[in-house]
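Engineer: Before I ask anything, here is the structure I am working with.
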Amino acid sequence: MGSRQLTEPTLVIATHNKGKLVEIADLMRPFGVACVSAGDKGVSEPEETGTTFEANAELKALHSARATGLPALADDSGLCVNALNGDPGLYSARWAGPTKDFGLAMRKVEDALAAKNAKDRSAFFVACLTLAWPDGHCETFRGEVHGHVVWPPRGDRGFGYDPMFVAENETITFGEMEPGRKHAMSHRARAFADLVAACIAGRRG
Ligand code: ITT
């Protein structure tokens with residue numbers, strides 16, 4: 001059976017993270033779908049109780065879809081560092097603490113690597129995107145981008161852990177990269193390309 005198509009004119013972007021919101025709005029722009037954020041719709045942030053990126057993306061998308069009566073797109077993502085057994089992973093947002101201080105979160109990653117005297121600095125970003133409808137139907141897509149983490153962080157573009165991540169075959173961090181170039185290779189862009197092919201293809205223009 002094929003994937004459900006997004007035919008509605010308006011989509012809720014089910015995130016309270018400004019950096020993600022900007023990226024998802026950029027990626028959606030060519031498809032002529034009006035995007036509103038969950039925050040603008042007054043939707044609360046659900047508790048992320050899932051044990052996988054997929055489960056958390058579905059829980060967030062369904063929460064917004066049911067609260068608004070509109071289809072909703074959520075992203076659950078994180079940075080997985082191999083020498084740290086995949087941490088901060090699902091807890092990437094939580095490592096930044098209540099003030100969402102990603103300088104602190106990046107320092108925690110570096111300190112954890114130093115504590116292990118780790119030589120392996122390989123890491124990857126994961127993004128799971130779920131498109132959910134108010135009737136409970138979900139379509140979920142996963143994207144990854146592999147690379148390594150550097151210290152000190154470099155660049156003030158992007159968000160979150162971008163200043164410490166260098167993708168394979170690149171020399172600059174995502175924090176130094178022009179946004180269009182990040183969108184050509186990121187975990188989020190890869191998941192998004194599959195979502196478009198499955199659920200939005202044909203809508204462009
Ligand atoms: P929502 O749940 O409201 O979407 P959040 O920030 O809590 O926002 P997550 O639970 O998915 O989102 O946490 C993922 C964290 O991983 C996020 O806060 C970022 O710091 C980090 N992250 C995800 N994608 C990233 C990217 O492209 N660049 C840098 N950091 C990223």
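Residues in the structure tokens are named by chain (A, B, ... in the order shown) and by number from 1 within that chain; ligands are numbered from 1 in the order shown.
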Which residues are near region 127-132 of chain A? Cut-off 10 Å, only C-alpha atoms, ignore same chain within fewer than 6 positions. Put them as number ranges by chain.

Structural biologist: A: 4-6, 11-14, 52-66, 70-79, 138-145, 186-192, 194-195, 199

Engineer: Filtering to N, CA and C atoms, could you give me those residues as a compact mmCIF listing (two decimals), in the first residue's frame?

Structural biologist:
```
# COMPACT_ATOMS: atom_id res chain seq x y z
N ARG A 4 0.31 7.73 2.55
CA ARG A 4 -0.76 8.74 2.46
C ARG A 4 -0.19 10.07 1.95
N GLN A 5 -0.93 10.71 1.05
CA GLN A 5 -0.46 11.99 0.49
C GLN A 5 -0.92 13.17 1.33
N LEU A 6 -0.07 14.15 1.41
CA LEU A 6 -0.44 15.40 2.10
C LEU A 6 -1.18 16.28 1.08
N LEU A 11 -0.02 23.00 7.14
CA LEU A 11 0.69 21.98 7.91
C LEU A 11 1.21 22.63 9.20
N VAL A 12 1.02 21.94 10.31
CA VAL A 12 1.59 22.42 11.57
C VAL A 12 3.00 21.84 11.73
N ILE A 13 3.96 22.70 11.99
CA ILE A 13 5.32 22.22 12.25
C ILE A 13 5.42 22.04 13.76
N ALA A 14 5.43 20.76 14.16
CA ALA A 14 5.28 20.42 15.58
C ALA A 14 6.62 20.44 16.29
N THR A 52 12.87 5.57 21.25
CA THR A 52 13.54 5.67 19.95
C THR A 52 13.22 7.05 19.35
N PHE A 53 14.05 7.47 18.38
CA PHE A 53 13.77 8.73 17.68
C PHE A 53 12.41 8.63 16.97
N GLU A 54 12.15 7.47 16.38
CA GLU A 54 10.88 7.27 15.65
C GLU A 54 9.69 7.47 16.60
N ALA A 55 9.76 6.85 17.77
CA ALA A 55 8.62 6.92 18.71
C ALA A 55 8.39 8.36 19.16
N ASN A 56 9.47 9.09 19.43
CA ASN A 56 9.31 10.48 19.88
C ASN A 56 8.78 11.37 18.75
N ALA A 57 9.23 11.13 17.52
CA ALA A 57 8.73 11.94 16.40
C ALA A 57 7.23 11.70 16.24
N GLU A 58 6.80 10.45 16.36
CA GLU A 58 5.37 10.12 16.21
C GLU A 58 4.56 10.73 17.33
N LEU A 59 5.07 10.62 18.53
CA LEU A 59 4.34 11.17 19.68
C LEU A 59 4.16 12.70 19.55
N LYS A 60 5.20 13.38 19.10
CA LYS A 60 5.11 14.85 18.96
C LYS A 60 4.18 15.24 17.81
N ALA A 61 4.27 14.51 16.68
CA ALA A 61 3.42 14.86 15.54
C ALA A 61 1.95 14.59 15.86
N LEU A 62 1.67 13.45 16.49
CA LEU A 62 0.28 13.12 16.83
C LEU A 62 -0.31 14.11 17.82
N HIS A 63 0.51 14.52 18.77
CA HIS A 63 0.05 15.49 19.79
C HIS A 63 -0.42 16.77 19.11
N SER A 64 0.36 17.29 18.17
CA SER A 64 -0.02 18.53 17.48
C SER A 64 -1.18 18.32 16.53
N ALA A 65 -1.19 17.17 15.82
CA ALA A 65 -2.28 16.91 14.86
C ALA A 65 -3.61 16.82 15.60
N ARG A 66 -3.62 16.13 16.73
CA ARG A 66 -4.87 15.97 17.48
C ARG A 66 -5.30 17.28 18.12
N LEU A 70 -5.25 19.49 12.32
CA LEU A 70 -4.52 19.67 11.04
C LEU A 70 -3.40 18.63 10.97
N PRO A 71 -2.94 18.30 9.75
CA PRO A 71 -1.75 17.44 9.70
C PRO A 71 -0.56 18.16 10.34
N ALA A 72 0.33 17.38 10.93
CA ALA A 72 1.47 17.98 11.64
C ALA A 72 2.73 17.21 11.31
N LEU A 73 3.83 17.94 11.25
CA LEU A 73 5.14 17.36 10.96
C LEU A 73 6.06 17.59 12.16
N ALA A 74 6.58 16.50 12.73
CA ALA A 74 7.51 16.64 13.86
C ALA A 74 8.85 16.04 13.50
N ASP A 75 9.87 16.48 14.22
CA ASP A 75 11.24 16.02 14.03
C ASP A 75 11.78 15.62 15.38
N ASP A 76 12.29 14.39 15.48
CA ASP A 76 13.06 14.04 16.67
C ASP A 76 14.45 13.70 16.19
N SER A 77 15.42 14.34 16.79
CA SER A 77 16.77 14.24 16.25
C SER A 77 17.80 14.25 17.36
N GLY A 78 19.04 14.02 16.99
CA GLY A 78 20.10 14.07 17.99
C GLY A 78 21.44 13.73 17.39
N LEU A 79 22.46 13.99 18.21
CA LEU A 79 23.84 13.70 17.84
C LEU A 79 24.27 12.43 18.57
N CYS A 138 0.18 7.89 10.65
CA CYS A 138 1.55 8.45 10.67
C CYS A 138 2.38 7.91 9.52
N GLU A 139 3.22 8.77 8.98
CA GLU A 139 4.26 8.35 8.02
C GLU A 139 5.58 8.85 8.59
N THR A 140 6.56 7.94 8.77
CA THR A 140 7.82 8.30 9.45
C THR A 140 9.04 7.98 8.58
N PHE A 141 10.00 8.87 8.58
CA PHE A 141 11.20 8.74 7.73
C PHE A 141 12.42 9.11 8.57
N ARG A 142 13.53 8.34 8.34
CA ARG A 142 14.76 8.57 9.11
C ARG A 142 15.90 8.97 8.18
N GLY A 143 16.69 9.94 8.60
CA GLY A 143 17.88 10.32 7.84
C GLY A 143 19.08 10.41 8.78
N GLU A 144 20.27 10.14 8.24
CA GLU A 144 21.49 10.24 9.05
C GLU A 144 22.56 10.95 8.24
N VAL A 145 23.45 11.66 8.92
CA VAL A 145 24.66 12.17 8.27
C VAL A 145 25.83 11.83 9.19
N SER A 186 22.21 17.27 5.12
CA SER A 186 21.95 16.97 6.54
C SER A 186 21.03 15.77 6.73
N HIS A 187 21.08 15.24 7.92
CA HIS A 187 20.18 14.17 8.38
C HIS A 187 18.72 14.57 8.15
N ARG A 188 18.41 15.82 8.48
CA ARG A 188 17.02 16.31 8.35
C ARG A 188 16.64 16.37 6.87
N ALA A 189 17.56 16.87 6.04
CA ALA A 189 17.28 16.98 4.60
C ALA A 189 17.11 15.59 3.97
N ARG A 190 17.88 14.61 4.46
CA ARG A 190 17.76 13.25 3.90
C ARG A 190 16.43 12.63 4.26
N ALA A 191 16.01 12.78 5.51
CA ALA A 191 14.70 12.26 5.91
C ALA A 191 13.60 13.00 5.13
N PHE A 192 13.82 14.29 4.96
CA PHE A 192 12.82 15.12 4.27
C PHE A 192 12.67 14.70 2.81
N ASP A 194 12.99 11.76 1.55
CA ASP A 194 12.17 10.54 1.50
C ASP A 194 10.70 10.86 1.78
N LEU A 195 10.47 11.77 2.71
CA LEU A 195 9.09 12.18 3.02
C LEU A 195 8.44 12.82 1.80
N CYS A 199 5.16 11.33 0.18
CA CYS A 199 3.89 11.98 0.61
C CYS A 199 3.59 13.32 -0.05
```

Engineer: If you take only C-alpha atoms and a cut-off of 6 Å, which residues of region 68-166 of chain A touch region 173-184 of chain A, and what are their nearest atom pairs and distances in Å to one decimal, in chain and number order, as CSV?

Structural biologist:
```
residue,atom,partner,partner_atom,distance
A:Gly155,CA,A:Glu176,CA,4.3
A:Asp156,CA,A:Gly175,CA,5.3
A:Arg157,CA,A:Gly175,CA,4.4
A:Gly158,CA,A:Gly175,CA,5.3
A:Asp162,CA,A:Gly175,CA,4.7
A:Pro163,CA,A:Gly175,CA,4.1
A:Phe165,CA,A:Thr173,CA,5.2
A:Val166,CA,A:Thr173,CA,4.5
```

Engineer: Just C-alpha atoms for this one: save the residues we selected as a short mmCIF file (atom, residue, chain, number, x, y, z; two decimals), in the first residue's frame.

Structural biologist:
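What follows is the written file result-v5.cif:
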```cif
data_model
loop_
_atom_site.label_atom_id
_atom_site.label_comp_id
_atom_site.auth_asym_id
_atom_site.auth_seq_id
_atom_site.Cartn_x
_atom_site.Cartn_y
_atom_site.Cartn_z
CA GLY A 155 30.93 28.92 13.57
CA ASP A 156 27.74 30.63 14.62
CA ARG A 157 25.34 29.36 11.97
CA GLY A 158 22.83 26.57 12.42
CA ASP A 162 26.31 22.28 14.64
CA PRO A 163 29.54 24.10 15.63
CA PHE A 165 30.15 18.59 13.80
CA VAL A 166 32.06 18.06 10.55
#
```

Engineer: Closest to Trp133 (chain A) among A:Gly69, A:Gly202, A:Gly2, A:Pro30, using only C-alpha atoms?

Structural biologist: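 Looking only at the distances to Trp133 (chain A), the closest residue turns out to be A:Gly69.
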
Engineer: I want to know what sits within 9 Å of Ala34 (chain A), based on only C-alpha atoms, with residues of the same chain fewer than 3 positions away left out; could you give that as a tab-separated table (two decimals) with all heavy atoms, in the first residue's frame?

Structural biologist:
```
chain	number	residue	atom	x	y	z
A	9	PRO	N	-3.99	22.15	2.70
A	9	PRO	CA	-3.22	23.35	2.39
A	9	PRO	C	-2.30	23.82	3.52
A	9	PRO	O	-1.33	24.52	3.27
A	9	PRO	CB	-4.30	24.41	2.12
A	9	PRO	CG	-5.51	23.91	2.86
A	9	PRO	CD	-5.43	22.42	2.87
A	10	THR	N	-2.61	23.42	4.75
A	10	THR	CA	-1.85	23.94	5.89
A	10	THR	C	-1.27	22.79	6.72
A	10	THR	O	-1.93	21.79	6.95
A	10	THR	CB	-2.76	24.80	6.81
A	10	THR	OG1	-3.37	25.80	6.01
A	10	THR	CG2	-1.97	25.47	7.92
A	11	LEU	N	-0.02	23.00	7.14
A	11	LEU	CA	0.69	21.98	7.91
A	11	LEU	C	1.21	22.63	9.20
A	11	LEU	O	1.79	23.72	9.16
A	11	LEU	CB	1.88	21.48	7.08
A	11	LEU	CG	2.80	20.45	7.70
A	11	LEU	CD1	2.06	19.14	7.94
A	11	LEU	CD2	4.00	20.20	6.78
A	12	VAL	N	1.02	21.94	10.31
A	12	VAL	CA	1.59	22.42	11.57
A	12	VAL	C	3.00	21.84	11.73
A	12	VAL	O	3.18	20.63	11.58
A	12	VAL	CB	0.72	21.98	12.78
A	12	VAL	CG1	1.35	22.44	14.09
A	12	VAL	CG2	-0.69	22.54	12.64
A	28	MET	N	10.30	23.04	3.28
A	28	MET	CA	8.91	22.95	2.81
A	28	MET	C	8.56	23.98	1.74
A	28	MET	O	7.60	23.80	0.99
A	28	MET	CB	7.93	23.18	3.98
A	28	MET	CG	7.72	22.05	4.93
A	28	MET	SD	7.19	20.48	4.19
A	28	MET	CE	5.63	20.93	3.48
A	29	ARG	N	9.35	25.07	1.70
A	29	ARG	CA	9.00	26.22	0.86
A	29	ARG	C	8.62	25.87	-0.59
A	29	ARG	O	7.63	26.38	-1.10
A	29	ARG	CB	10.11	27.27	0.91
A	29	ARG	CG	9.66	28.65	0.43
A	29	ARG	CD	10.49	29.77	1.03
A	29	ARG	NE	10.34	29.91	2.46
A	29	ARG	CZ	11.32	29.78	3.35
A	29	ARG	NH1	12.55	29.50	2.98
A	29	ARG	NH2	11.08	29.93	4.64
A	31	PHE	N	7.04	23.55	-1.85
A	31	PHE	CA	5.87	22.68	-2.04
A	31	PHE	C	4.53	23.38	-1.87
A	31	PHE	O	3.49	22.74	-1.92
A	31	PHE	CB	5.98	21.45	-1.14
A	31	PHE	CG	7.23	20.69	-1.46
A	31	PHE	CD1	8.37	20.85	-0.71
A	31	PHE	CD2	7.29	19.89	-2.60
A	31	PHE	CE1	9.55	20.21	-1.05
A	31	PHE	CE2	8.46	19.25	-2.95
A	31	PHE	CZ	9.59	19.40	-2.18
```

Engineer: Quick one: everything within 10 Å of Gly19 (chain A), counting only C-alpha atoms, minus sequence neighbours fewer than 4 positions away in the same chain. Send it as a PyMOL selection string.

Structural biologist: chain A and resi 15+23-24+157-160

Engineer: Go ahead and dump the residues you just picked, C-alpha atoms, as a compact mmCIF listing (two decimals), in the first residue's frame.

Structural biologist:
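Now in result.txt:
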```
# COMPACT_ATOMS: atom_id res chain seq x y z
CA THR A 15 8.46 21.78 17.12
CA GLU A 23 15.18 24.55 8.58
CA ILE A 24 11.86 22.74 8.11
CA ARG A 157 25.34 29.36 11.97
CA GLY A 158 22.83 26.57 12.42
CA PHE A 159 21.87 25.54 15.96
CA GLY A 160 22.46 22.97 18.67
```

Engineer: Pick the closest to Ile200 (chain A) from A:Val33, A:Asp26, A:Asn17, A:Trp95: which is it, counting only C-alpha atoms?

Structural biologist: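 Under the stated criterion, the closest residue is A:Val33.
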
Engineer: Using only C-alpha atoms, which residues sit within 12 Å of Asp111 (chain A) once same-chain residues fewer than 6 positions away are excluded, as a ChimeraX atom specification?

Structural biologist: /A:84,104-105,117-118,151-152

Engineer: Can you spit out the residues from that selection as an mmCIF file, in the first residue's frame, using all heavy atoms?

Structural biologist:
```cif
data_model
loop_
_atom_site.group_PDB
_atom_site.id
_atom_site.type_symbol
_atom_site.label_atom_id
_atom_site.label_comp_id
_atom_site.auth_asym_id
_atom_site.auth_seq_id
_atom_site.Cartn_x
_atom_site.Cartn_y
_atom_site.Cartn_z
ATOM 1 N N LEU A 84 30.941 7.283 22.764
ATOM 2 C CA LEU A 84 30.092 7.468 23.955
ATOM 3 C C LEU A 84 28.865 6.551 23.880
ATOM 4 O O LEU A 84 27.817 6.851 24.468
ATOM 5 C CB LEU A 84 29.652 8.939 24.077
ATOM 6 C CG LEU A 84 30.778 9.977 24.111
ATOM 7 C CD1 LEU A 84 30.202 11.389 24.246
ATOM 8 C CD2 LEU A 84 31.747 9.693 25.273
ATOM 9 N N LEU A 104 27.295 24.527 26.675
ATOM 10 C CA LEU A 104 27.446 23.572 27.775
ATOM 11 C C LEU A 104 27.315 22.130 27.263
ATOM 12 O O LEU A 104 28.111 21.258 27.613
ATOM 13 C CB LEU A 104 26.359 23.862 28.824
ATOM 14 C CG LEU A 104 26.203 22.854 29.955
ATOM 15 C CD1 LEU A 104 27.338 23.015 30.949
ATOM 16 C CD2 LEU A 104 24.855 23.063 30.660
ATOM 17 N N ALA A 105 26.321 21.884 26.414
ATOM 18 C CA ALA A 105 26.101 20.522 25.900
ATOM 19 C C ALA A 105 27.314 20.054 25.096
ATOM 20 O O ALA A 105 27.763 18.912 25.237
ATOM 21 C CB ALA A 105 24.841 20.497 25.039
ATOM 22 N N ASN A 117 39.465 9.149 27.285
ATOM 23 C CA ASN A 117 40.676 9.213 26.475
ATOM 24 C C ASN A 117 40.399 8.659 25.069
ATOM 25 O O ASN A 117 41.204 7.925 24.492
ATOM 26 C CB ASN A 117 41.799 8.439 27.173
ATOM 27 C CG ASN A 117 43.161 8.892 26.700
ATOM 28 O OD1 ASN A 117 43.256 9.931 26.032
ATOM 29 N ND2 ASN A 117 44.190 8.120 27.006
ATOM 30 N N ALA A 118 39.227 9.012 24.547
ATOM 31 C CA ALA A 118 38.771 8.424 23.278
ATOM 32 C C ALA A 118 39.528 8.986 22.089
ATOM 33 O O ALA A 118 39.683 10.196 21.959
ATOM 34 C CB ALA A 118 37.281 8.687 23.114
ATOM 35 N N TRP A 151 36.886 19.919 18.422
ATOM 36 C CA TRP A 151 36.971 20.848 19.549
ATOM 37 C C TRP A 151 38.097 21.816 19.296
ATOM 38 O O TRP A 151 39.145 21.379 18.837
ATOM 39 C CB TRP A 151 37.197 20.073 20.871
ATOM 40 C CG TRP A 151 36.937 20.952 22.041
ATOM 41 C CD1 TRP A 151 37.857 21.596 22.820
ATOM 42 C CD2 TRP A 151 35.645 21.329 22.537
ATOM 43 N NE1 TRP A 151 37.221 22.341 23.775
ATOM 44 C CE2 TRP A 151 35.865 22.195 23.625
ATOM 45 C CE3 TRP A 151 34.326 21.028 22.166
ATOM 46 C CZ2 TRP A 151 34.813 22.768 24.348
ATOM 47 C CZ3 TRP A 151 33.292 21.586 22.888
ATOM 48 C CH2 TRP A 151 33.541 22.440 23.959
ATOM 49 N N PRO A 152 37.944 23.109 19.516
ATOM 50 C CA PRO A 152 36.735 23.779 19.992
ATOM 51 C C PRO A 152 35.663 23.908 18.896
ATOM 52 O O PRO A 152 35.975 23.734 17.713
ATOM 53 C CB PRO A 152 37.272 25.175 20.373
ATOM 54 C CG PRO A 152 38.427 25.399 19.448
ATOM 55 C CD PRO A 152 39.060 24.050 19.266
#
```

Engineer: One number please: atom 30 (N, counted along the ligand's line) of ligand 1 to CA of Val43 (chain A), in Å, one decimal.

Structural biologist: 22.7 Å

Engineer: From the set A:Ala25, A:Cys35, A:Val109, A:Val126, which residue has the shortest atom-to-atom contact distance to ligand 1, counting only C-alpha atoms and all ligand atoms?

Structural biologist: A:Val126

Engineer: Near His148 (chain A), counting only C-alpha atoms, which residues have an atom at most 7 Å away, once you skip same-chain residues fewer than 2 positions from it, shown as a PyMOL selection string?

Structural biologist: chain A and resi 121-123+150+165-167

Engineer: Which one of A:Thr99, A:Thr7, A:Thr171, A:Ser92 sits closest to ligand 1 if you count only C-alpha atoms and all ligand atoms?

Structural biologist: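 Nearest candidate to ligand 1 out of A:Thr99, A:Thr7, A:Thr171, A:Ser92: A:Ser92.
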
Engineer: Contacts of Met106 (chain A) at 8 Å or less, counting only C-alpha atoms, minus same-chain residues fewer than 3 places along, as a PyMOL selection string?

Structural biologist: chain A and resi 102-103+109-110+153+161+164

Engineer: Which of region 84-153 of chain A end up as helix (DSSP H, G or I) when DSSP is run on this backbone - answer as number ranges by chain?

Structural biologist: A: 84, 89-91, 94-96, 102-115
